[in-house]
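Right, one structure below, let's go through it.
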2 protein chains.
Amino acid sequence: MSIERAVYLPLGGAGEIGMNCYVYGYGAEGRERFIVVDLGVTFPDMDTTPGVDLILPDVAWLEERKDRIDGVFITHAHEDHVGAVGHLFGRVGAPVFCRAFTANIARRKLDEYGVGPEAVTTVSPYPETVEVGPFKVAFVPISHSIPESSGLVIDTPDGRIVHTGDFKIDETPLVGEAFDRALWEEISKPGVKALVCDSTNVFSRNEGRSEATVGPEITKLVESAEGMVVATTFASNIARVKTLAEAGVAAGRSVCLLGRAMSRMIEAAVETGILTDFPSLVTPEDAVSLPRQNLMLVVTGSQGERRAASAQLARGKYRGITMKEGDMFLFSSKTIPGNERGVISIINQFSEMGVDVVDDSSGLYHVSGHANRPDLETMHDIVKPQILIPMHGEHRHLREHVKIAKSKGMAGVVAVNGMMVDLGGNAPSVSEYVETGRTYLDGSVQVGALDGIVRDRMRMALNGHVIVTVIIDEEGEPLGEPWCEIKGIAEQGASNAPLVDILEEDLSQFLRRADDRTLADDDKLEEQMKRIVRQATQAEIGKKVEVTSVISRLS
Amino acid sequence: MSIERAVYLPLGGAGEIGMNCYVYGYGAEGRERFIVVDLGVTFPDMDTTPGVDLILPDVAWLEERKDRIDGVFITHAHEDHVGAVGHLFGRVGAPVFCRAFTANIARRKLDEYGVGPEAVTTVSPYPETVEVGPFKVAFVPISHSIPESSGLVIDTPDGRIVHTGDFKIDETPLVGEAFDRALWEEISKPGVKALVCDSTNVFSRNEGRSEATVGPEITKLVESAEGMVVATTFASNIARVKTLAEAGVAAGRSVCLLGRAMSRMIEAAVETGILTDFPSLVTPEDAVSLPRQNLMLVVTGSQGERRAASAQLARGKYRGITMKEGDMFLFSSKTIPGNERGVISIINQFSEMGVDVVDDSSGLYHVSGHANRPDLETMHDIVKPQILIPMHGEHRHLREHVKIAKSKGMAGVVAVNGMMVDLGGNAPSVSEYVETGRTYLDGSVQVGALDGIVRDRMRMALNGHVIVTVIIDEEGEPLGEPWCEIKGIAEQGASNAPLVDILEEDLSQFLRRADDRTLADDDKLEEQMKRIVRQATQAEIGKKVEVTSVISRLS
């Protein structure tokens, strides 16, 4: 009989930044009970996932063990932690636990799927503890860039596990709870088996800076501005939104928020009592009539998202407001790798309008929500775990984080998505490799990343698409001539004749000569026609195109 | 009768970094003679130009004035300056002038189009002068990151114009000519009407660093390494390739180059006598059998290009060589905005192998080839032009550069692609807006950016593609049922029935009810069928797909 033991299994977030989904289990092999920590999303891009709406963790493995899942715990309300809860709730089939602010957001997401608010249980912070199956779980407040972020203390019969969630060490976070060293020391006192720890900023060697350092600089900047000031940040960074709004007020300006995501977040913060003293706002309708030097907008779209307020303002009028020469636009945010092009394009559009753009290159107007290396080490020193398991990082971050752990005498293991780590023995060991991957939300359908759908789209995008239609009559003979439609392909190439004519001529010749066996066999016919089309396009336009052939048989 | 005057017209490179193509003219309006400076390319991306091979300036305006173009002058051999010379030579139809190293590269490109070497005239540096039409043009050596980079001194009857080309102020560039302040002062002495000036690094406020500062740091790094060392940089940065190779030798290692682009560049540098003392190399075949601690590879692919040596090594074995735990990979390069994802993906692949990656975050192992702001100001002060026209920059760079000029009492003008600037009067003025754009090299065909071809590809990539086929018989009645093929679309949606079946059923119903007028009219029929398909896909899978309908009429 196999031994009962605790296991850790990341299904998302380990080997990438985003799409967080971590599984903890306890029990004998094959009979473990599980809890899930976070159900996040990651975002598609044209390079690898054109047309996809959202990327979710592949929870097929969990779905097969649905009856053994005791709960889903969401650490905080960022999309990469809570974003998939609506889409995957039905498949995971377990109650959701989170703190009030996160619950507010999670319930909005579940509501879109017709799931009622009772699916989410609101939990107070430590020492309140949720007991499910063999687990006792408590939410321990930790500072990050969204209210009520929490680390989790997970007690199993095998010992205590601390899952940091996303965090930084900030003793003056302005909104929400400060990092409470005494509390974390208290939690660590009984001894911690494993610390599963945020790794995002492991390569940042300087000490982290508090949210409180940003306000005075932004206030100075806004005070120096002469025209309208527009500032963008992450909608969920309530503290920053507040700092920006207060800077506007301090500079004698009326403040207006633009962008639905931001309004929603502020709403949630007010509903849950987190925000009590937010400056009073003017509506976009009222803002239009104010003198521009008396106006400050705080807007969505810090990552250059095409439909967010920043991009709309960069393209022209948005909700009646137009920026112009002498105005200032502030990015109180960093550009996430991969979003540079969108952000730079906005900056250039503002430049064309004569708007002065202030980005974060000075380091004055933004601080990260993640612990830098010295702060990670502080966390290690407080928790003193037997084992460090880095998470929330690409492979390079996880590897570097393990190096630090080992240099300090801790056991450490690079566990990427799909690696099940056995925490039971004296040293962590990989007990199993689980098949994991990504699920694409494509329109309203969930499709597998390997289903070939997106691959086909990319092929059409790279190569263009030729559609060949042939009619075969009742006698098995071609009826009339074959014809071609092209899409995403040059209409004319080397021969200076329409490409379609050349393709149709080549196909006609082939059909005239084709024997009965070929004409009777759809696969053979299709294969031959594809070959002919690709040869001809290669010769004419230097491309091997995608070909779809439609063979219509009259019968 | 209109007055003869000098004009400046950027067709590429002004409002973007890349695809450089600048036109200078002299004469009365409509009868000017022209020279072209640089014929560069820019690179496609999946976001905006899927499947495109290269992006060239749209030279339609020049082509219409072919008989008035007196020459094409190429400042240096970077792809964004010389890359389009093969593809566009026939359309511009003028002799090409450049210095020996650039000529070597330009001739290779023309050769691919069957254009002989005589199309390129090799010019010695200033004081040698090319007289064409009303222009006297000399190549003035200037330091950059590729050998024989040159600024141009362009004398017109209207005065002297200095076109810097890409440059930095480097008095110890290691390979090629040092920045020669006395020479630039001599050239500027007679008075310069306009300085058309590189703007790439206008936002970098620190002083530029010399190429010579990099070598000692790299040598130290290589000496400290225990396993194999692999370093990448831009293939054309001959000085850096040499520095890297010498660092390998200094550390007692055999050096091997990997990547065709790099070998080609070194070859050109040797052929033109620029490189005389390059360390001796081992072949990849010999490298395989050397102990890894005795080996240093210098490889292509610093921007994460999928087919270059770096990416190949990151994916596994390349030319018999495999990297492994304990090896080191050095990026002696910066990541160009937009290429972050590719580079980061390589770093993570190396991390999985246990290879230690050293990037440029320390600033020790790479210096830029462009003048930072203080060096731009030095250039202004040396040349003392009446007018500063910034080029080689996005809008934000050009605008900032003009701000600097104005603060120093110069006239300045932000001239973006298509803006013709009249240099004749006392102050620069925009005399005309010329239609410009981009030409895509797509396979072997040049297509216009607005031809709709790439737009169609992107639509297929974002929405998927449904092909509807209907046969209409001799009596104008549908023959059999319509049918659908789908590509890049989920096979099943809300109804849990095959999407194709649902579409075919909806179309059948429509055809059964369609009146004769609709059935007789291809456009009407097509429009209706598209509408039906899009409604059905929206309901089933939440997407409005691309639809191609093929209506076959038997006759």
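Ordering of the structure tokens sets the chain letters (A, B, ...); residue numbers start at 1 within each chain; ligands are numbered from 1 in the order shown.
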
Kindly assemble as a Markdown table a list of the chain B residues that lie within 7 Å of chain A, each paired with its nearest atom pair and their distance in Å to one decimal, using only C-alpha atoms, sorted first by chain and then by ascending residue number.
| residue | atom | partner | partner_atom | distance |
| --- | --- | --- | --- | --- |
| B:Met46 | CA | A:Asp47 | CA | 5.3 |
| B:Asp47 | CA | A:Met46 | CA | 5.3 |
| B:Pro50 | CA | A:Leu462 | CA | 5.3 |
| B:Gly51 | CA | A:Leu462 | CA | 3.7 |
| B:Pro337 | CA | A:Glu340 | CA | 6.3 |
| B:Gly338 | CA | A:Arg341 | CA | 5.7 |
| B:Glu340 | CA | A:Gly338 | CA | 6.1 |
| B:Arg341 | CA | A:Gly338 | CA | 5.7 |
| B:Asn348 | CA | A:Arg396 | CA | 5.3 |
| B:Ser351 | CA | A:Arg396 | CA | 5.2 |
| B:Glu352 | CA | A:His395 | CA | 6.6 |
| B:Glu394 | CA | A:Asn348 | CA | 6.8 |
| B:His395 | CA | A:Asn348 | CA | 5.4 |
| B:Arg396 | CA | A:Ser351 | CA | 5.2 |
| B:Gly443 | CA | A:Gly542 | CA | 4.3 |
| B:Ser444 | CA | A:Gly542 | CA | 4.7 |
| B:Val445 | CA | A:Ile541 | CA | 5.6 |
| B:Val447 | CA | A:Ala490 | CA | 6.9 |
| B:Ile453 | CA | A:Gly488 | CA | 4.3 |
| B:Val454 | CA | A:Gly488 | CA | 5.8 |
| B:Asp456 | CA | A:Gly488 | CA | 4.9 |
| B:Arg457 | CA | A:Ala461 | CA | 4.4 |
| B:Met458 | CA | A:Ala461 | CA | 5.8 |
| B:Met460 | CA | A:Arg457 | CA | 6.3 |
| B:Ala461 | CA | A:Arg457 | CA | 4.4 |
| B:Leu462 | CA | A:Gly51 | CA | 3.7 |
| B:Asn463 | CA | A:Gly51 | CA | 5.9 |
| B:Gly464 | CA | A:Arg457 | CA | 6.1 |
| B:Lys487 | CA | A:Asp456 | CA | 6.3 |
| B:Gly488 | CA | A:Ile453 | CA | 4.4 |
| B:Ile489 | CA | A:Ile453 | CA | 5.7 |
| B:Ala490 | CA | A:Ile453 | CA | 6.6 |
| B:Gly493 | CA | A:Val445 | CA | 6.2 |
| B:Ile541 | CA | A:Ser444 | CA | 5.2 |
| B:Gly542 | CA | A:Gly443 | CA | 4.3 |
| B:Lys543 | CA | A:Gly443 | CA | 5.1 |

What's the 12 Å shell around Ile389 in chain A, counting only C-alpha atoms, without same-chain residues fewer than 5 positions away, as a PDB file with N, CA, C and O atoms, in the first residue's frame?
ATOM      1  N   VAL A   7       1.582  16.528  -2.227  1.00  0.00           N
ATOM      2  CA  VAL A   7       2.181  16.788  -3.537  1.00  0.00           C
ATOM      3  C   VAL A   7       1.859  18.205  -3.998  1.00  0.00           C
ATOM      4  O   VAL A   7       0.876  18.815  -3.572  1.00  0.00           O
ATOM      5  N   TYR A   8       2.706  18.688  -4.879  1.00  0.00           N
ATOM      6  CA  TYR A   8       2.523  20.013  -5.512  1.00  0.00           C
ATOM      7  C   TYR A   8       2.563  19.805  -7.008  1.00  0.00           C
ATOM      8  O   TYR A   8       3.452  19.123  -7.514  1.00  0.00           O
ATOM      9  N   LEU A   9       1.605  20.386  -7.714  1.00  0.00           N
ATOM     10  CA  LEU A   9       1.545  20.213  -9.167  1.00  0.00           C
ATOM     11  C   LEU A   9       1.093  21.515  -9.826  1.00  0.00           C
ATOM     12  O   LEU A   9      -0.073  21.885  -9.749  1.00  0.00           O
ATOM     13  N   PRO A  10       2.017  22.229 -10.470  1.00  0.00           N
ATOM     14  CA  PRO A  10       1.581  23.422 -11.191  1.00  0.00           C
ATOM     15  C   PRO A  10       0.970  23.028 -12.539  1.00  0.00           C
ATOM     16  O   PRO A  10       1.535  22.196 -13.255  1.00  0.00           O
ATOM     17  N   ALA A  14       4.077  28.123 -13.911  1.00  0.00           N
ATOM     18  CA  ALA A  14       5.441  27.691 -13.602  1.00  0.00           C
ATOM     19  C   ALA A  14       6.142  27.380 -14.919  1.00  0.00           C
ATOM     20  O   ALA A  14       5.899  26.356 -15.544  1.00  0.00           O
ATOM     21  N   TYR A  22      -2.258  26.249  -9.607  1.00  0.00           N
ATOM     22  CA  TYR A  22      -1.410  25.338  -8.848  1.00  0.00           C
ATOM     23  C   TYR A  22      -2.295  24.358  -8.095  1.00  0.00           C
ATOM     24  O   TYR A  22      -3.333  24.746  -7.561  1.00  0.00           O
ATOM     25  N   ILE A 161       2.645  24.209   4.372  1.00  0.00           N
ATOM     26  CA  ILE A 161       3.126  24.762   3.102  1.00  0.00           C
ATOM     27  C   ILE A 161       2.730  26.225   3.052  1.00  0.00           C
ATOM     28  O   ILE A 161       1.590  26.581   3.380  1.00  0.00           O
ATOM     29  N   VAL A 162       3.652  27.077   2.684  1.00  0.00           N
ATOM     30  CA  VAL A 162       3.322  28.501   2.489  1.00  0.00           C
ATOM     31  C   VAL A 162       3.384  28.807   0.998  1.00  0.00           C
ATOM     32  O   VAL A 162       4.414  28.582   0.349  1.00  0.00           O
ATOM     33  N   HIS A 163       2.271  29.269   0.459  1.00  0.00           N
ATOM     34  CA  HIS A 163       2.168  29.668  -0.947  1.00  0.00           C
ATOM     35  C   HIS A 163       2.060  31.190  -0.941  1.00  0.00           C
ATOM     36  O   HIS A 163       1.056  31.743  -0.504  1.00  0.00           O
ATOM     37  N   THR A 164       3.113  31.875  -1.391  1.00  0.00           N
ATOM     38  CA  THR A 164       3.134  33.342  -1.190  1.00  0.00           C
ATOM     39  C   THR A 164       2.080  34.076  -2.001  1.00  0.00           C
ATOM     40  O   THR A 164       1.677  35.173  -1.628  1.00  0.00           O
ATOM     41  N   LYS A 193       7.360  23.333   5.784  1.00  0.00           N
ATOM     42  CA  LYS A 193       7.898  22.282   4.917  1.00  0.00           C
ATOM     43  C   LYS A 193       8.341  22.879   3.577  1.00  0.00           C
ATOM     44  O   LYS A 193       9.460  22.688   3.139  1.00  0.00           O
ATOM     45  N   ALA A 194       7.419  23.603   2.939  1.00  0.00           N
ATOM     46  CA  ALA A 194       7.744  24.139   1.609  1.00  0.00           C
ATOM     47  C   ALA A 194       7.240  25.565   1.469  1.00  0.00           C
ATOM     48  O   ALA A 194       6.125  25.890   1.875  1.00  0.00           O
ATOM     49  N   LEU A 195       8.086  26.393   0.890  1.00  0.00           N
ATOM     50  CA  LEU A 195       7.692  27.751   0.530  1.00  0.00           C
ATOM     51  C   LEU A 195       7.569  27.786  -0.987  1.00  0.00           C
ATOM     52  O   LEU A 195       8.564  27.599  -1.700  1.00  0.00           O
ATOM     53  N   VAL A 196       6.359  27.987  -1.453  1.00  0.00           N
ATOM     54  CA  VAL A 196       6.125  28.097  -2.896  1.00  0.00           C
ATOM     55  C   VAL A 196       6.028  29.584  -3.182  1.00  0.00           C
ATOM     56  O   VAL A 196       5.111  30.258  -2.720  1.00  0.00           O
ATOM     57  N   CYS A 197       7.023  30.092  -3.912  1.00  0.00           N
ATOM     58  CA  CYS A 197       7.314  31.531  -3.844  1.00  0.00           C
ATOM     59  C   CYS A 197       7.364  32.214  -5.205  1.00  0.00           C
ATOM     60  O   CYS A 197       7.986  31.723  -6.143  1.00  0.00           O
ATOM     61  N   ASP A 198       6.691  33.354  -5.296  1.00  0.00           N
ATOM     62  CA  ASP A 198       6.749  34.290  -6.431  1.00  0.00           C
ATOM     63  C   ASP A 198       8.201  34.477  -6.887  1.00  0.00           C
ATOM     64  O   ASP A 198       9.099  34.648  -6.058  1.00  0.00           O
ATOM     65  N   SER A 199       8.438  34.457  -8.203  1.00  0.00           N
ATOM     66  CA  SER A 199       9.809  34.590  -8.720  1.00  0.00           C
ATOM     67  C   SER A 199       9.959  35.706  -9.744  1.00  0.00           C
ATOM     68  O   SER A 199      11.054  35.901 -10.305  1.00  0.00           O
ATOM     69  N   HIS A 380      12.515  34.378   2.319  1.00  0.00           N
ATOM     70  CA  HIS A 380      13.131  33.080   2.645  1.00  0.00           C
ATOM     71  C   HIS A 380      13.542  33.057   4.120  1.00  0.00           C
ATOM     72  O   HIS A 380      13.331  32.076   4.825  1.00  0.00           O
ATOM     73  N   HIS A 397      13.561  32.391 -14.498  1.00  0.00           N
ATOM     74  CA  HIS A 397      13.321  32.921 -13.153  1.00  0.00           C
ATOM     75  C   HIS A 397      13.334  31.798 -12.124  1.00  0.00           C
ATOM     76  O   HIS A 397      13.917  31.926 -11.042  1.00  0.00           O
ATOM     77  N   LEU A 398      12.660  30.696 -12.453  1.00  0.00           N
ATOM     78  CA  LEU A 398      12.600  29.570 -11.512  1.00  0.00           C
ATOM     79  C   LEU A 398      14.004  29.049 -11.229  1.00  0.00           C
ATOM     80  O   LEU A 398      14.374  28.774 -10.083  1.00  0.00           O
ATOM     81  N   ARG A 399      14.776  28.921 -12.309  1.00  0.00           N
ATOM     82  CA  ARG A 399      16.126  28.362 -12.151  1.00  0.00           C
ATOM     83  C   ARG A 399      16.995  29.265 -11.276  1.00  0.00           C
ATOM     84  O   ARG A 399      17.701  28.798 -10.373  1.00  0.00           O
ATOM     85  N   GLU A 400      16.914  30.567 -11.529  1.00  0.00           N
ATOM     86  CA  GLU A 400      17.705  31.514 -10.744  1.00  0.00           C
ATOM     87  C   GLU A 400      17.274  31.473  -9.274  1.00  0.00           C
ATOM     88  O   GLU A 400      18.118  31.521  -8.364  1.00  0.00           O
ATOM     89  N   HIS A 401      15.981  31.357  -9.065  1.00  0.00           N
ATOM     90  CA  HIS A 401      15.458  31.353  -7.701  1.00  0.00           C
ATOM     91  C   HIS A 401      15.934  30.109  -6.946  1.00  0.00           C
ATOM     92  O   HIS A 401      16.293  30.175  -5.761  1.00  0.00           O
ATOM     93  N   VAL A 402      15.979  28.990  -7.632  1.00  0.00           N
ATOM     94  CA  VAL A 402      16.495  27.763  -6.994  1.00  0.00           C
ATOM     95  C   VAL A 402      17.978  27.904  -6.673  1.00  0.00           C
ATOM     96  O   VAL A 402      18.452  27.451  -5.625  1.00  0.00           O
ATOM     97  N   LYS A 403      18.695  28.566  -7.580  1.00  0.00           N
ATOM     98  CA  LYS A 403      20.129  28.789  -7.310  1.00  0.00           C
ATOM     99  C   LYS A 403      20.312  29.547  -5.999  1.00  0.00           C
ATOM    100  O   LYS A 403      21.187  29.234  -5.193  1.00  0.00           O
ATOM    101  N   ILE A 404      19.501  30.576  -5.809  1.00  0.00           N
ATOM    102  CA  ILE A 404      19.587  31.363  -4.571  1.00  0.00           C
ATOM    103  C   ILE A 404      19.288  30.463  -3.374  1.00  0.00           C
ATOM    104  O   ILE A 404      20.018  30.456  -2.373  1.00  0.00           O
ATOM    105  N   ALA A 405      18.210  29.683  -3.501  1.00  0.00           N
ATOM    106  CA  ALA A 405      17.818  28.805  -2.388  1.00  0.00           C
ATOM    107  C   ALA A 405      18.970  27.874  -2.019  1.00  0.00           C
ATOM    108  O   ALA A 405      19.347  27.751  -0.847  1.00  0.00           O
ATOM    109  N   LYS A 406      19.552  27.253  -3.035  1.00  0.00           N
ATOM    110  CA  LYS A 406      20.625  26.284  -2.755  1.00  0.00           C
ATOM    111  C   LYS A 406      21.830  26.956  -2.134  1.00  0.00           C
ATOM    112  O   LYS A 406      22.481  26.405  -1.249  1.00  0.00           O
ATOM    113  N   MET A 410      18.994  25.792   1.432  1.00  0.00           N
ATOM    114  CA  MET A 410      17.667  25.184   1.352  1.00  0.00           C
ATOM    115  C   MET A 410      17.649  24.170   0.221  1.00  0.00           C
ATOM    116  O   MET A 410      18.410  24.271  -0.740  1.00  0.00           O
ATOM    117  N   ALA A 411      16.731  23.210   0.313  1.00  0.00           N
ATOM    118  CA  ALA A 411      16.467  22.375  -0.848  1.00  0.00           C
ATOM    119  C   ALA A 411      15.619  23.203  -1.802  1.00  0.00           C
ATOM    120  O   ALA A 411      14.822  24.025  -1.368  1.00  0.00           O
ATOM    121  N   GLY A 412      15.821  23.020  -3.081  1.00  0.00           N
ATOM    122  CA  GLY A 412      15.036  23.784  -4.055  1.00  0.00           C
ATOM    123  C   GLY A 412      14.780  22.924  -5.263  1.00  0.00           C
ATOM    124  O   GLY A 412      15.592  22.038  -5.580  1.00  0.00           O
ATOM    125  N   VAL A 413      13.674  23.155  -5.913  1.00  0.00           N
ATOM    126  CA  VAL A 413      13.390  22.355  -7.093  1.00  0.00           C
ATOM    127  C   VAL A 413      12.694  23.220  -8.147  1.00  0.00           C
ATOM    128  O   VAL A 413      11.790  23.988  -7.828  1.00  0.00           O
ATOM    129  N   VAL A 414      13.198  23.129  -9.383  1.00  0.00           N
ATOM    130  CA  VAL A 414      12.543  23.807 -10.494  1.00  0.00           C
ATOM    131  C   VAL A 414      11.405  22.909 -10.956  1.00  0.00           C
ATOM    132  O   VAL A 414      11.639  21.876 -11.573  1.00  0.00           O
ATOM    133  N   ALA A 415      10.203  23.275 -10.608  1.00  0.00           N
ATOM    134  CA  ALA A 415       9.040  22.469 -11.002  1.00  0.00           C
ATOM    135  C   ALA A 415       8.220  23.262 -12.000  1.00  0.00           C
ATOM    136  O   ALA A 415       7.640  24.283 -11.644  1.00  0.00           O
ATOM    137  N   VAL A 416       8.214  22.814 -13.239  1.00  0.00           N
ATOM    138  CA  VAL A 416       7.436  23.521 -14.258  1.00  0.00           C
ATOM    139  C   VAL A 416       6.080  22.852 -14.422  1.00  0.00           C
ATOM    140  O   VAL A 416       5.841  21.757 -13.894  1.00  0.00           O
ATOM    141  N   MET A 419       4.787  19.048 -13.686  1.00  0.00           N
ATOM    142  CA  MET A 419       5.698  18.249 -12.852  1.00  0.00           C
ATOM    143  C   MET A 419       5.084  18.106 -11.465  1.00  0.00           C
ATOM    144  O   MET A 419       4.919  19.092 -10.750  1.00  0.00           O
ATOM    145  N   MET A 420       4.756  16.906 -11.089  1.00  0.00           N
ATOM    146  CA  MET A 420       4.216  16.705  -9.753  1.00  0.00           C
ATOM    147  C   MET A 420       5.355  16.434  -8.786  1.00  0.00           C
ATOM    148  O   MET A 420       6.143  15.509  -8.976  1.00  0.00           O
ATOM    149  N   VAL A 421       5.451  17.285  -7.757  1.00  0.00           N
ATOM    150  CA  VAL A 421       6.540  17.158  -6.798  1.00  0.00           C
ATOM    151  C   VAL A 421       6.003  16.493  -5.523  1.00  0.00           C
ATOM    152  O   VAL A 421       5.007  16.944  -4.949  1.00  0.00           O
ATOM    153  N   ASP A 422       6.669  15.455  -5.123  1.00  0.00           N
ATOM    154  CA  ASP A 422       6.336  14.734  -3.900  1.00  0.00           C
ATOM    155  C   ASP A 422       7.031  15.452  -2.743  1.00  0.00           C
ATOM    156  O   ASP A 422       8.258  15.587  -2.719  1.00  0.00           O
ATOM    157  N   LEU A 423       6.246  15.960  -1.800  1.00  0.00           N
ATOM    158  CA  LEU A 423       6.826  16.702  -0.680  1.00  0.00           C
ATOM    159  C   LEU A 423       6.980  15.817   0.549  1.00  0.00           C
ATOM    160  O   LEU A 423       7.329  16.291   1.628  1.00  0.00           O
ATOM    161  N   ALA A 427      13.630  14.910   0.966  1.00  0.00           N
ATOM    162  CA  ALA A 427      13.949  15.850  -0.098  1.00  0.00           C
ATOM    163  C   ALA A 427      12.823  15.791  -1.125  1.00  0.00           C
ATOM    164  O   ALA A 427      12.188  14.754  -1.282  1.00  0.00           O
ATOM    165  N   PRO A 428      12.569  16.902  -1.794  1.00  0.00           N
ATOM    166  CA  PRO A 428      11.494  16.890  -2.783  1.00  0.00           C
ATOM    167  C   PRO A 428      11.896  16.017  -3.966  1.00  0.00           C
ATOM    168  O   PRO A 428      13.065  15.987  -4.348  1.00  0.00           O
ATOM    169  N   SER A 429      10.951  15.328  -4.550  1.00  0.00           N
ATOM    170  CA  SER A 429      11.272  14.532  -5.734  1.00  0.00           C
ATOM    171  C   SER A 429      10.107  14.608  -6.709  1.00  0.00           C
ATOM    172  O   SER A 429       8.959  14.811  -6.312  1.00  0.00           O
TER     173      SER A 429
END

_Residue contacts of range 321-330 of chain A (6 Å, only C-alpha atoms) excluding same-chain residues fewer than 3 positions away, as a count of residues only_ = 14

*asked:* Which of range 174-371 of chain A end up as alpha helix (DSSP H) when DSSP is run on this backbone - answer as an MDAnalysis selection string?
replied: chainID A and resid 181:188 214:224 238:250 260:271 284:287 309:315 340:353

*asked:* Residues within 8 Å of range 205-221 of chain A, please, as a ChimeraX atom specification. Count only C-alpha atoms; anything in the same chain fewer than 6 positions from it doesn't count.
replied: /A:168-174,239-240,243-244,246-248,250-251,364-368,371-375

*Using the chain letters and numbers from this document, which residues of range 182-351 of chain A does DSSP assign to strand (DSSP E or B), as a VMD selection string?*
chain A and resid 192 to 198 201 229 to 232 254 to 258 295 to 299 318 321 328 to 331

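The spacing separating CA of Gly316 in chain B from CA of Cys21 in chain A amounts to 29.1 Å.
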